[in-house]
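Enquirer: There's a structure below that I have some questions on.
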Number of protein chains: 2
Amino acid sequence: MGHSQADKVASHLRIVEIAAARLREEGLERPAIGELMREAGLTHGGFYRHFGSRGELVDEAMVRALWDGARRMSDAVTASRKHGDDPFAAMVTAYLSPEHREDLAGSCAVTTLGGDVARGSELTRAAYGNQVESYLRVLEGLLDEPVPAARRQRAVLALAAMVGAMTMARAVADPKLSGELLERVGEALTEGPS
Amino acid sequence: MGHSQADKVASHLRIVEIAAARLREEGLERPAIGELMREAGLTHGGFYRHFGSRGELVDEAMVRALWDGARRMSDAVTASRKHGDDPFAAMVTAYLSPEHREDLAGSCAVTTLGGDVARGSELTRAAYGNQVESYLRVLEGLLDEPVPAARRQRAVLALAAMVGAMTMARAVADPKLSGELLERVGEALTEGPS
DNA sequence: ATTATCTATAGATCTATAGATAATGC
DNA sequence: ATTATCTATAGATCTATAGATAATGC
C-alpha cells in the first residue's frame, strides 16, 4: 500500500494518462472506473479520493488527450525543419499517415473525440476549442501566404480537411477507400506552394 | 393492443426511425431500449420480437440514419437546379449551414457518428463506407473539372473539409469560432469555378 | 493523527427473457 | 391457433459511498 503524498500525485497522473488513452480508444462513456483503476494498478474504491465524480476525470483526461494528441504533428514539424523540408507538408503528412489512423490511443483527440465532445461538458468543449485554435495558429505560421485573411482561410480548410479525412478513413470498412481518402487529401493540401 | 401484421410492420419502422434520430443525438451507445420503445408508444418487453439484440437495431438504424441524413443536401441540389444556381455550391452551403449544425437528429451521420462507427460493427462500417462513396460520386457529378483524377481529388477534399468543419463546429465552445469554421471552409470550397 | 488505498456493498440502470393477455387470421 | 404486445423480473454492470487497513509525517 503506497501511502506517501508523492505516491498520490503519481497515482493521479497515472490514472489521467491511462484515461486519456482509453477515452480515445473507446469514447467518453465506455471505460469503467474499475477498469481504469485496475489498469493503473489500483482498486475501484480509491478513485473518489482523486476525483469527485467520473465526469471530473473525463474533463481532466480530455485536456490531457487533446494536448498530447498533438505531439505527433509537432514532432514532425521539428524534424522537417532539421532536414530543411517543408514543415507544412510534414505536418499534413504526419496527420494523414496510416500510423496515425491506427494509433487510436495516441491519436489527435480533435478527430477521435469530436463527436463525443459535441455531446460533452462545457469544460471539455472549451478545451477542445482551445486545441482547435492552437492548431490553426500553428498552421497559419507554417503557410507562406502573405495576406492574413487568405492565410487564415487556408489554415481552416487544411485543418477541416485533415479532421474529416481521418474521421472517415477510420470509420470506412474498405481499406482501399480508407487509404484513398488520406492520400488524396494529402495531395490536395500539399500541391502547389504552401 | 394493436395486433395485426400491418401494425407490426408500422411498429418496426417507427422504432428504427426514432432510433436513427436518437443515435445521432446521443451516440451509438446511450439511448436505452426502454426509452426508444416508450418514444415509439410501445413497452420495453416487445422489443425482442422485432430485433434479436440491441446491436441489430443499431445496425438497422445506422443504415437509415446514413440514408436520410443526406436528404438535406439532395434537396438543396434539386432546388438549386430549378433556380439555375450552382448545385455544387448549393450542396456545400447546405452542408455547412448553421441549421445543419443545430439539427443533430436529422444531421448527416457521416459527420455525427463517424467516431462511433470507427468503434462499431462491421455492418455499420460497411454502410458508412457506402454513404461516403455515394457522397463522393454526387460531388464528382457536380464539379465541372474535366480531368477525372483531378475531379475525384476535389470531391474527396470537399467532402473531407465539410465533415471536418462540421465536426469541429459542433464540438467547439465558442460560437464565433464555430461560425468561422463553417464560413471559411464554405468560402474556400466555392471560390473560383466549380 | 492523518490519509492513501482497499474491501465490501448499496442503489441505479440496462439488456434480455419468461409468461400472460388480447386481438388477428385461417 | 397464432402472434404482437404487455407485465414482471433475473442477471449483469456501473457509479458512488462506508468503513477498515496500514503506511506516512508531524
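The way I read the labels, and the way they are meant: chains A, B, ... in the order of the C-alpha cells, residue 1 as the first residue of every chain, and ligand 1 as the first ligand shown, with later ones counted on from there.
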Tell me, counting only C-alpha atoms (C1' of nucleotides), for each residue of chain B within 9 Å of chain D, which pair of atoms is nearest and how far apart they are in Å to one decimal, in rows ordered by chain and increasing number, as JSON lines.

Expert:
{"residue": "B:Met1", "atom": "CA", "partner": "D:DT5", "partner_atom": "C1'", "distance": 6.3}
{"residue": "B:Gly2", "atom": "CA", "partner": "D:DA4", "partner_atom": "C1'", "distance": 7.1}
{"residue": "B:His3", "atom": "CA", "partner": "D:DA4", "partner_atom": "C1'", "distance": 4.8}
{"residue": "B:Ser4", "atom": "CA", "partner": "D:DA4", "partner_atom": "C1'", "distance": 7.2}
{"residue": "B:Gln5", "atom": "CA", "partner": "D:DA4", "partner_atom": "C1'", "distance": 7.8}
{"residue": "B:Asp7", "atom": "CA", "partner": "D:DA4", "partner_atom": "C1'", "distance": 8.3}
{"residue": "B:Lys8", "atom": "CA", "partner": "D:DA4", "partner_atom": "C1'", "distance": 6.7}
{"residue": "B:Leu42", "atom": "CA", "partner": "D:DT5", "partner_atom": "C1'", "distance": 7.7}
{"residue": "B:Thr43", "atom": "CA", "partner": "D:DC6", "partner_atom": "C1'", "distance": 6.8}
{"residue": "B:His44", "atom": "CA", "partner": "D:DC6", "partner_atom": "C1'", "distance": 8.6}
{"residue": "B:Gly45", "atom": "CA", "partner": "D:DC6", "partner_atom": "C1'", "distance": 7.0}
{"residue": "B:Gly46", "atom": "CA", "partner": "D:DT5", "partner_atom": "C1'", "distance": 5.7}
{"residue": "B:Arg49", "atom": "CA", "partner": "D:DA4", "partner_atom": "C1'", "distance": 8.0}

Enquirer: Would you write out those residues with N, CA, C and O atoms, as a compact mmCIF listing (two decimals), in the first residue's frame?

Expert:
# COMPACT_ATOMS: atom_id res chain seq x y z
N MET B 1 -54.21 -2.71 -27.70
CA MET B 1 -53.11 -3.57 -28.20
C MET B 1 -53.24 -3.82 -29.69
O MET B 1 -54.02 -4.69 -30.12
N GLY B 2 -52.55 -3.09 -30.51
CA GLY B 2 -52.56 -3.36 -31.95
C GLY B 2 -51.94 -4.71 -32.23
O GLY B 2 -50.90 -5.02 -31.68
N HIS B 3 -52.53 -5.51 -33.06
CA HIS B 3 -52.05 -6.89 -33.21
C HIS B 3 -51.82 -7.34 -34.63
O HIS B 3 -51.22 -8.38 -34.86
N SER B 4 -52.32 -6.62 -35.60
CA SER B 4 -52.20 -7.12 -36.97
C SER B 4 -50.74 -7.09 -37.44
O SER B 4 -49.89 -6.43 -36.87
N GLN B 5 -50.47 -7.85 -38.49
CA GLN B 5 -49.12 -7.88 -39.04
C GLN B 5 -48.75 -6.53 -39.65
O GLN B 5 -47.58 -6.13 -39.64
N ASP B 7 -49.68 -3.72 -38.36
CA ASP B 7 -49.27 -2.94 -37.19
C ASP B 7 -47.81 -3.23 -36.83
O ASP B 7 -47.06 -2.34 -36.46
N LYS B 8 -47.44 -4.51 -36.95
CA LYS B 8 -46.08 -4.88 -36.59
C LYS B 8 -45.07 -4.18 -37.52
O LYS B 8 -44.06 -3.65 -37.07
N LEU B 42 -44.58 2.02 -27.37
CA LEU B 42 -44.62 0.60 -27.04
C LEU B 42 -43.93 0.38 -25.70
O LEU B 42 -43.40 1.32 -25.11
N THR B 43 -43.93 -0.86 -25.24
CA THR B 43 -43.25 -1.15 -23.98
C THR B 43 -41.98 -1.95 -24.23
O THR B 43 -41.82 -2.61 -25.27
N HIS B 44 -41.10 -1.85 -23.24
CA HIS B 44 -39.79 -2.45 -23.26
C HIS B 44 -39.77 -3.89 -23.78
O HIS B 44 -38.99 -4.25 -24.68
N GLY B 45 -40.66 -4.72 -23.22
CA GLY B 45 -40.61 -6.16 -23.47
C GLY B 45 -40.87 -6.57 -24.90
O GLY B 45 -40.40 -7.62 -25.36
N GLY B 46 -41.63 -5.75 -25.63
CA GLY B 46 -41.95 -6.11 -27.01
C GLY B 46 -40.78 -6.04 -27.97
O GLY B 46 -40.83 -6.58 -29.09
N ARG B 49 -39.28 -9.07 -30.13
CA ARG B 49 -39.99 -9.67 -31.25
C ARG B 49 -39.61 -8.97 -32.56
O ARG B 49 -39.91 -9.44 -33.64

Enquirer: Wanna dump the chain B-chain A contacts at 9 Å for me, each residue with its shortest atom pair and the distance in Å to one decimal, counting only C-alpha atoms, ordered by chain and number, as a tab-separated table?

Expert:
residue	atom	partner	partner_atom	distance
B:Glu25	CA	A:Arg119	CA	8.0
B:Glu26	CA	A:Arg119	CA	7.0
B:Gly27	CA	A:Asp116	CA	7.6
B:Glu29	CA	A:Glu29	CA	8.4
B:Arg30	CA	A:Glu29	CA	8.5
B:Val110	CA	A:Met168	CA	7.5
B:Thr111	CA	A:Gly115	CA	7.8
B:Thr112	CA	A:Gly115	CA	6.0
B:Leu113	CA	A:Gly115	CA	6.7
B:Gly114	CA	A:Thr167	CA	5.9
B:Gly115	CA	A:Thr112	CA	6.0
B:Asp116	CA	A:Gly27	CA	7.6
B:Val117	CA	A:Ala171	CA	5.3
B:Ala118	CA	A:Ala171	CA	4.0
B:Arg119	CA	A:Glu26	CA	7.0
B:Gly120	CA	A:Ala171	CA	8.2
B:Glu122	CA	A:Ala173	CA	6.8
B:Leu123	CA	A:Ala173	CA	8.4
B:Thr124	CA	A:Ala173	CA	8.5
B:Arg125	CA	A:Ala173	CA	4.9
B:Ala126	CA	A:Ala173	CA	5.0
B:Ala127	CA	A:Ala173	CA	8.3
B:Tyr128	CA	A:Val172	CA	6.0
B:Gly129	CA	A:Val172	CA	4.5
B:Asn130	CA	A:Val172	CA	8.3
B:Val132	CA	A:Met168	CA	7.8
B:Glu133	CA	A:Leu177	CA	8.3
B:Arg152	CA	A:Arg184	CA	8.4
B:Gln153	CA	A:Arg184	CA	5.6
B:Arg154	CA	A:Ala188	CA	7.5
B:Val156	CA	A:Leu181	CA	6.5
B:Leu157	CA	A:Val185	CA	5.4
B:Ala158	CA	A:Ala161	CA	7.6
B:Leu159	CA	A:Gly164	CA	7.6
B:Ala160	CA	A:Gly164	CA	4.2
B:Ala161	CA	A:Ala161	CA	3.8
B:Met162	CA	A:Gly164	CA	7.1
B:Val163	CA	A:Gly164	CA	4.8
B:Gly164	CA	A:Gly164	CA	3.7
B:Ala165	CA	A:Ala160	CA	4.8
B:Met166	CA	A:Ala160	CA	8.3
B:Thr167	CA	A:Gly114	CA	5.9
B:Met168	CA	A:Gly114	CA	6.4
B:Ala169	CA	A:Ala118	CA	8.7
B:Arg170	CA	A:Ala118	CA	5.3
B:Ala171	CA	A:Ala118	CA	4.0
B:Val172	CA	A:Gly129	CA	4.5
B:Ala173	CA	A:Arg125	CA	4.9
B:Asp174	CA	A:Gly129	CA	6.9
B:Leu177	CA	A:Gly129	CA	7.9
B:Ser178	CA	A:Gly129	CA	8.8
B:Glu180	CA	A:Val156	CA	8.7
B:Leu181	CA	A:Val156	CA	6.5
B:Arg184	CA	A:Gln153	CA	5.6
B:Val185	CA	A:Leu157	CA	5.4
B:Gly186	CA	A:Leu157	CA	8.9
B:Glu187	CA	A:Gln153	CA	8.3
B:Ala188	CA	A:Leu157	CA	6.8
B:Leu189	CA	A:Leu157	CA	8.4

Enquirer: Can you show chain A as an mmCIF file with C-alpha atoms, in the first residue's frame once it has been least-squares superposed onto chain B, using every C-alpha atom paired in order?

Expert:
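Just written: superposed-v9.cif:
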data_model
loop_
_atom_site.group_PDB
_atom_site.id
_atom_site.type_symbol
_atom_site.label_atom_id
_atom_site.label_comp_id
_atom_site.auth_asym_id
_atom_site.auth_seq_id
_atom_site.Cartn_x
_atom_site.Cartn_y
_atom_site.Cartn_z
ATOM 1 C CA MET A 1 -53.115 -3.633 -28.119
ATOM 2 C CA GLY A 2 -52.555 -3.359 -31.846
ATOM 3 C CA HIS A 3 -52.071 -6.892 -33.155
ATOM 4 C CA SER A 4 -52.205 -7.091 -36.934
ATOM 5 C CA GLN A 5 -49.132 -7.870 -39.008
ATOM 6 C CA ALA A 6 -49.535 -4.447 -40.628
ATOM 7 C CA ASP A 7 -49.270 -2.929 -37.167
ATOM 8 C CA LYS A 8 -46.083 -4.865 -36.577
ATOM 9 C CA VAL A 9 -44.510 -3.504 -39.752
ATOM 10 C CA ALA A 10 -45.518 0.017 -38.725
ATOM 11 C CA SER A 11 -44.108 -0.523 -35.211
ATOM 12 C CA HIS A 12 -40.831 -1.815 -36.603
ATOM 13 C CA LEU A 13 -40.475 1.160 -38.910
ATOM 14 C CA ARG A 14 -41.314 3.576 -36.086
ATOM 15 C CA ILE A 15 -38.694 2.064 -33.775
ATOM 16 C CA VAL A 16 -35.984 2.285 -36.442
ATOM 17 C CA GLU A 17 -36.937 5.848 -37.357
ATOM 18 C CA ILE A 18 -36.831 6.993 -33.737
ATOM 19 C CA ALA A 19 -33.555 5.163 -33.132
ATOM 20 C CA ALA A 20 -32.017 6.738 -36.247
ATOM 21 C CA ALA A 21 -32.726 10.189 -34.779
ATOM 22 C CA ARG A 22 -31.784 9.394 -31.185
ATOM 23 C CA LEU A 23 -28.506 7.709 -32.122
ATOM 24 C CA ARG A 24 -27.430 10.859 -33.926
ATOM 25 C CA GLU A 25 -28.365 12.959 -30.896
ATOM 26 C CA GLU A 26 -26.739 10.784 -28.248
ATOM 27 C CA GLY A 27 -24.327 8.388 -29.917
ATOM 28 C CA LEU A 28 -24.479 4.659 -30.656
ATOM 29 C CA GLU A 29 -24.404 3.530 -27.015
ATOM 30 C CA ARG A 30 -26.544 5.874 -24.981
ATOM 31 C CA PRO A 31 -30.250 5.509 -25.896
ATOM 32 C CA ALA A 32 -31.728 2.645 -23.873
ATOM 33 C CA ILE A 33 -34.140 0.144 -25.390
ATOM 34 C CA GLY A 34 -36.810 1.103 -22.873
ATOM 35 C CA GLU A 35 -36.638 4.768 -23.836
ATOM 36 C CA LEU A 36 -36.794 4.088 -27.557
ATOM 37 C CA MET A 37 -39.779 1.763 -27.146
ATOM 38 C CA ARG A 38 -41.591 4.267 -24.939
ATOM 39 C CA GLU A 39 -40.996 6.980 -27.531
ATOM 40 C CA ALA A 40 -42.451 4.616 -30.123
ATOM 41 C CA GLY A 41 -45.552 4.143 -27.960
ATOM 42 C CA LEU A 42 -44.609 0.567 -27.014
ATOM 43 C CA THR A 43 -43.220 -1.178 -23.952
ATOM 44 C CA HIS A 44 -39.766 -2.495 -23.243
ATOM 45 C CA GLY A 45 -40.596 -6.201 -23.466
ATOM 46 C CA GLY A 46 -41.937 -6.133 -27.010
ATOM 47 C CA PHE A 47 -38.549 -5.155 -28.385
ATOM 48 C CA TYR A 48 -37.190 -8.656 -28.899
ATOM 49 C CA ARG A 49 -39.986 -9.672 -31.259
ATOM 50 C CA HIS A 50 -38.522 -7.058 -33.627
ATOM 51 C CA PHE A 51 -34.782 -7.397 -33.085
ATOM 52 C CA GLY A 52 -32.525 -10.175 -31.860
ATOM 53 C CA SER A 53 -30.454 -7.746 -29.823
ATOM 54 C CA ARG A 54 -29.799 -4.070 -29.294
ATOM 55 C CA GLY A 55 -26.927 -4.299 -31.793
ATOM 56 C CA GLU A 56 -29.286 -5.425 -34.539
ATOM 57 C CA LEU A 57 -31.390 -2.303 -34.086
ATOM 58 C CA VAL A 58 -28.293 -0.116 -34.081
ATOM 59 C CA ASP A 59 -27.153 -1.661 -37.371
ATOM 60 C CA GLU A 60 -30.554 -1.130 -38.968
ATOM 61 C CA ALA A 61 -30.950 2.395 -37.593
ATOM 62 C CA MET A 62 -27.476 3.383 -38.794
ATOM 63 C CA VAL A 63 -28.353 2.430 -42.367
ATOM 64 C CA ARG A 64 -31.484 4.531 -42.046
ATOM 65 C CA ALA A 65 -29.644 7.473 -40.426
ATOM 66 C CA LEU A 66 -26.970 7.492 -43.123
ATOM 67 C CA TRP A 67 -29.586 7.458 -45.829
ATOM 68 C CA ASP A 68 -31.941 10.166 -44.608
ATOM 69 C CA GLY A 69 -29.132 12.350 -43.281
ATOM 70 C CA ALA A 70 -28.247 13.033 -46.923
ATOM 71 C CA ARG A 71 -31.726 14.403 -47.719
ATOM 72 C CA ARG A 72 -30.939 18.017 -46.781
ATOM 73 C CA MET A 73 -28.121 18.046 -49.332
ATOM 74 C CA SER A 74 -30.013 16.340 -52.135
ATOM 75 C CA ASP A 75 -32.946 18.720 -51.547
ATOM 76 C CA ALA A 76 -30.594 21.691 -51.839
ATOM 77 C CA VAL A 77 -29.135 20.368 -55.094
ATOM 78 C CA THR A 78 -32.614 19.836 -56.571
ATOM 79 C CA ALA A 79 -33.729 23.342 -55.580
ATOM 80 C CA SER A 80 -30.582 24.983 -56.993
ATOM 81 C CA ARG A 81 -31.151 23.299 -60.359
ATOM 82 C CA LYS A 82 -34.648 24.804 -60.542
ATOM 83 C CA HIS A 83 -33.281 28.278 -59.838
ATOM 84 C CA GLY A 84 -30.316 27.894 -62.195
ATOM 85 C CA ASP A 85 -27.808 28.211 -59.322
ATOM 86 C CA ASP A 86 -24.548 26.280 -58.983
ATOM 87 C CA PRO A 87 -25.556 22.900 -57.500
ATOM 88 C CA PHE A 88 -22.069 22.209 -56.077
ATOM 89 C CA ALA A 89 -22.127 25.488 -54.150
ATOM 90 C CA ALA A 90 -25.695 24.736 -53.040
ATOM 91 C CA MET A 91 -24.663 21.379 -51.602
ATOM 92 C CA VAL A 92 -21.638 22.806 -49.799
ATOM 93 C CA THR A 93 -23.720 25.654 -48.380
ATOM 94 C CA ALA A 94 -26.466 23.311 -47.202
ATOM 95 C CA TYR A 95 -23.952 21.010 -45.523
ATOM 96 C CA LEU A 96 -22.157 23.846 -43.744
ATOM 97 C CA SER A 97 -25.307 25.717 -42.690
ATOM 98 C CA PRO A 98 -25.986 26.586 -39.015
ATOM 99 C CA GLU A 99 -29.319 24.774 -39.425
ATOM 100 C CA HIS A 100 -27.473 21.541 -40.181
ATOM 101 C CA ARG A 101 -25.127 22.147 -37.253
ATOM 102 C CA GLU A 102 -28.090 22.563 -34.880
ATOM 103 C CA ASP A 103 -30.287 19.740 -36.204
ATOM 104 C CA LEU A 104 -28.431 16.769 -34.721
ATOM 105 C CA ALA A 105 -31.425 14.413 -35.023
ATOM 106 C CA GLY A 106 -31.685 14.984 -38.778
ATOM 107 C CA SER A 107 -27.986 15.501 -39.452
ATOM 108 C CA CYS A 108 -25.593 13.755 -41.801
ATOM 109 C CA ALA A 109 -24.458 10.653 -39.909
ATOM 110 C CA VAL A 110 -21.114 10.582 -41.726
ATOM 111 C CA THR A 111 -20.113 13.491 -39.502
ATOM 112 C CA THR A 112 -22.300 12.959 -36.442
ATOM 113 C CA LEU A 113 -21.489 9.274 -35.924
ATOM 114 C CA GLY A 114 -18.064 8.995 -37.565
ATOM 115 C CA GLY A 115 -16.241 8.445 -34.288
ATOM 116 C CA ASP A 116 -18.773 5.899 -33.031
ATOM 117 C CA VAL A 117 -18.749 3.956 -36.300
ATOM 118 C CA ALA A 118 -14.955 3.639 -36.138
ATOM 119 C CA ARG A 119 -15.568 1.603 -32.952
ATOM 120 C CA GLY A 120 -18.742 -0.024 -34.340
ATOM 121 C CA SER A 121 -19.814 -3.229 -36.077
ATOM 122 C CA GLU A 122 -18.529 -4.343 -39.469
ATOM 123 C CA LEU A 123 -22.034 -3.957 -40.943
ATOM 124 C CA THR A 124 -22.217 -0.394 -39.678
ATOM 125 C CA ARG A 125 -18.818 0.407 -41.124
ATOM 126 C CA ALA A 126 -19.797 -1.072 -44.494
ATOM 127 C CA ALA A 127 -22.955 1.074 -44.608
ATOM 128 C CA TYR A 128 -20.894 4.102 -43.624
ATOM 129 C CA GLY A 129 -18.429 3.407 -46.444
ATOM 130 C CA ASN A 130 -21.244 3.138 -48.965
ATOM 131 C CA GLN A 131 -22.593 6.526 -47.916
ATOM 132 C CA VAL A 132 -19.135 8.108 -48.224
ATOM 133 C CA GLU A 133 -18.736 6.664 -51.716
ATOM 134 C CA SER A 134 -22.228 7.870 -52.609
ATOM 135 C CA TYR A 135 -21.424 11.423 -51.487
ATOM 136 C CA LEU A 136 -18.203 11.355 -53.484
ATOM 137 C CA ARG A 137 -19.986 10.309 -56.671
ATOM 138 C CA VAL A 138 -22.587 13.058 -56.252
ATOM 139 C CA LEU A 139 -19.867 15.659 -55.737
ATOM 140 C CA GLU A 140 -17.885 14.384 -58.732
ATOM 141 C CA GLY A 141 -21.027 14.752 -60.833
ATOM 142 C CA LEU A 142 -21.460 18.368 -59.736
ATOM 143 C CA LEU A 143 -17.892 19.526 -60.408
ATOM 144 C CA ASP A 144 -17.073 20.718 -63.932
ATOM 145 C CA GLU A 145 -13.460 19.670 -63.786
ATOM 146 C CA PRO A 146 -12.666 17.716 -66.991
ATOM 147 C CA VAL A 147 -9.771 15.523 -65.779
ATOM 148 C CA PRO A 148 -11.246 12.539 -63.844
ATOM 149 C CA ALA A 149 -8.390 12.198 -61.333
ATOM 150 C CA ALA A 150 -8.466 15.912 -60.534
ATOM 151 C CA ARG A 151 -12.266 15.772 -60.239
ATOM 152 C CA ARG A 152 -12.059 12.876 -57.801
ATOM 153 C CA GLN A 153 -9.421 14.661 -55.767
ATOM 154 C CA ARG A 154 -11.521 17.807 -55.497
ATOM 155 C CA ALA A 155 -14.570 15.763 -54.482
ATOM 156 C CA VAL A 156 -12.590 13.989 -51.726
ATOM 157 C CA LEU A 157 -11.152 17.275 -50.472
ATOM 158 C CA ALA A 158 -14.599 18.909 -50.418
ATOM 159 C CA LEU A 159 -16.235 16.044 -48.508
ATOM 160 C CA ALA A 160 -13.375 15.786 -46.017
ATOM 161 C CA ALA A 161 -13.413 19.542 -45.396
ATOM 162 C CA MET A 162 -17.197 19.590 -44.901
ATOM 163 C CA VAL A 163 -17.121 16.665 -42.459
ATOM 164 C CA GLY A 164 -14.171 18.091 -40.524
ATOM 165 C CA ALA A 165 -15.579 21.615 -40.367
ATOM 166 C CA MET A 166 -18.954 20.397 -39.095
ATOM 167 C CA THR A 167 -17.349 18.048 -36.547
ATOM 168 C CA MET A 168 -15.344 20.907 -35.048
ATOM 169 C CA ALA A 169 -18.147 23.479 -35.363
ATOM 170 C CA ARG A 170 -20.340 21.261 -33.172
ATOM 171 C CA ALA A 171 -17.678 20.477 -30.558
ATOM 172 C CA VAL A 172 -16.151 23.911 -30.076
ATOM 173 C CA ALA A 173 -17.485 26.007 -27.153
ATOM 174 C CA ASP A 174 -17.037 29.452 -28.724
ATOM 175 C CA PRO A 175 -19.908 30.274 -31.135
ATOM 176 C CA LYS A 176 -17.737 32.750 -33.013
ATOM 177 C CA LEU A 177 -15.091 30.134 -33.790
ATOM 178 C CA SER A 178 -17.845 27.667 -34.675
ATOM 179 C CA GLY A 179 -19.308 30.064 -37.222
ATOM 180 C CA GLU A 180 -15.902 30.932 -38.604
ATOM 181 C CA LEU A 181 -15.086 27.285 -39.296
ATOM 182 C CA LEU A 182 -18.258 26.816 -41.335
ATOM 183 C CA GLU A 183 -17.925 30.099 -43.232
ATOM 184 C CA ARG A 184 -14.242 29.919 -44.148
ATOM 185 C CA VAL A 185 -14.491 26.345 -45.378
ATOM 186 C CA GLY A 186 -17.603 27.250 -47.365
ATOM 187 C CA GLU A 187 -15.760 30.146 -48.981
ATOM 188 C CA ALA A 188 -12.648 28.086 -49.686
ATOM 189 C CA LEU A 189 -14.636 25.326 -51.394
ATOM 190 C CA THR A 190 -16.906 27.536 -53.508
ATOM 191 C CA GLU A 191 -14.275 30.098 -54.494
ATOM 192 C CA GLY A 192 -13.424 29.993 -58.201
ATOM 193 C CA PRO A 193 -15.235 27.794 -60.727
ATOM 194 C CA SER A 194 -16.709 24.535 -59.504
#

Enquirer: Which of range 78-168 of chain A end up as alpha helix (DSSP H) when DSSP is run on this backbone - answer as a VMD selection string?

Expert: chain A and resid 78 to 83 87 to 95 98 to 102 109 to 112 114 to 118 122 to 142 148 to 168
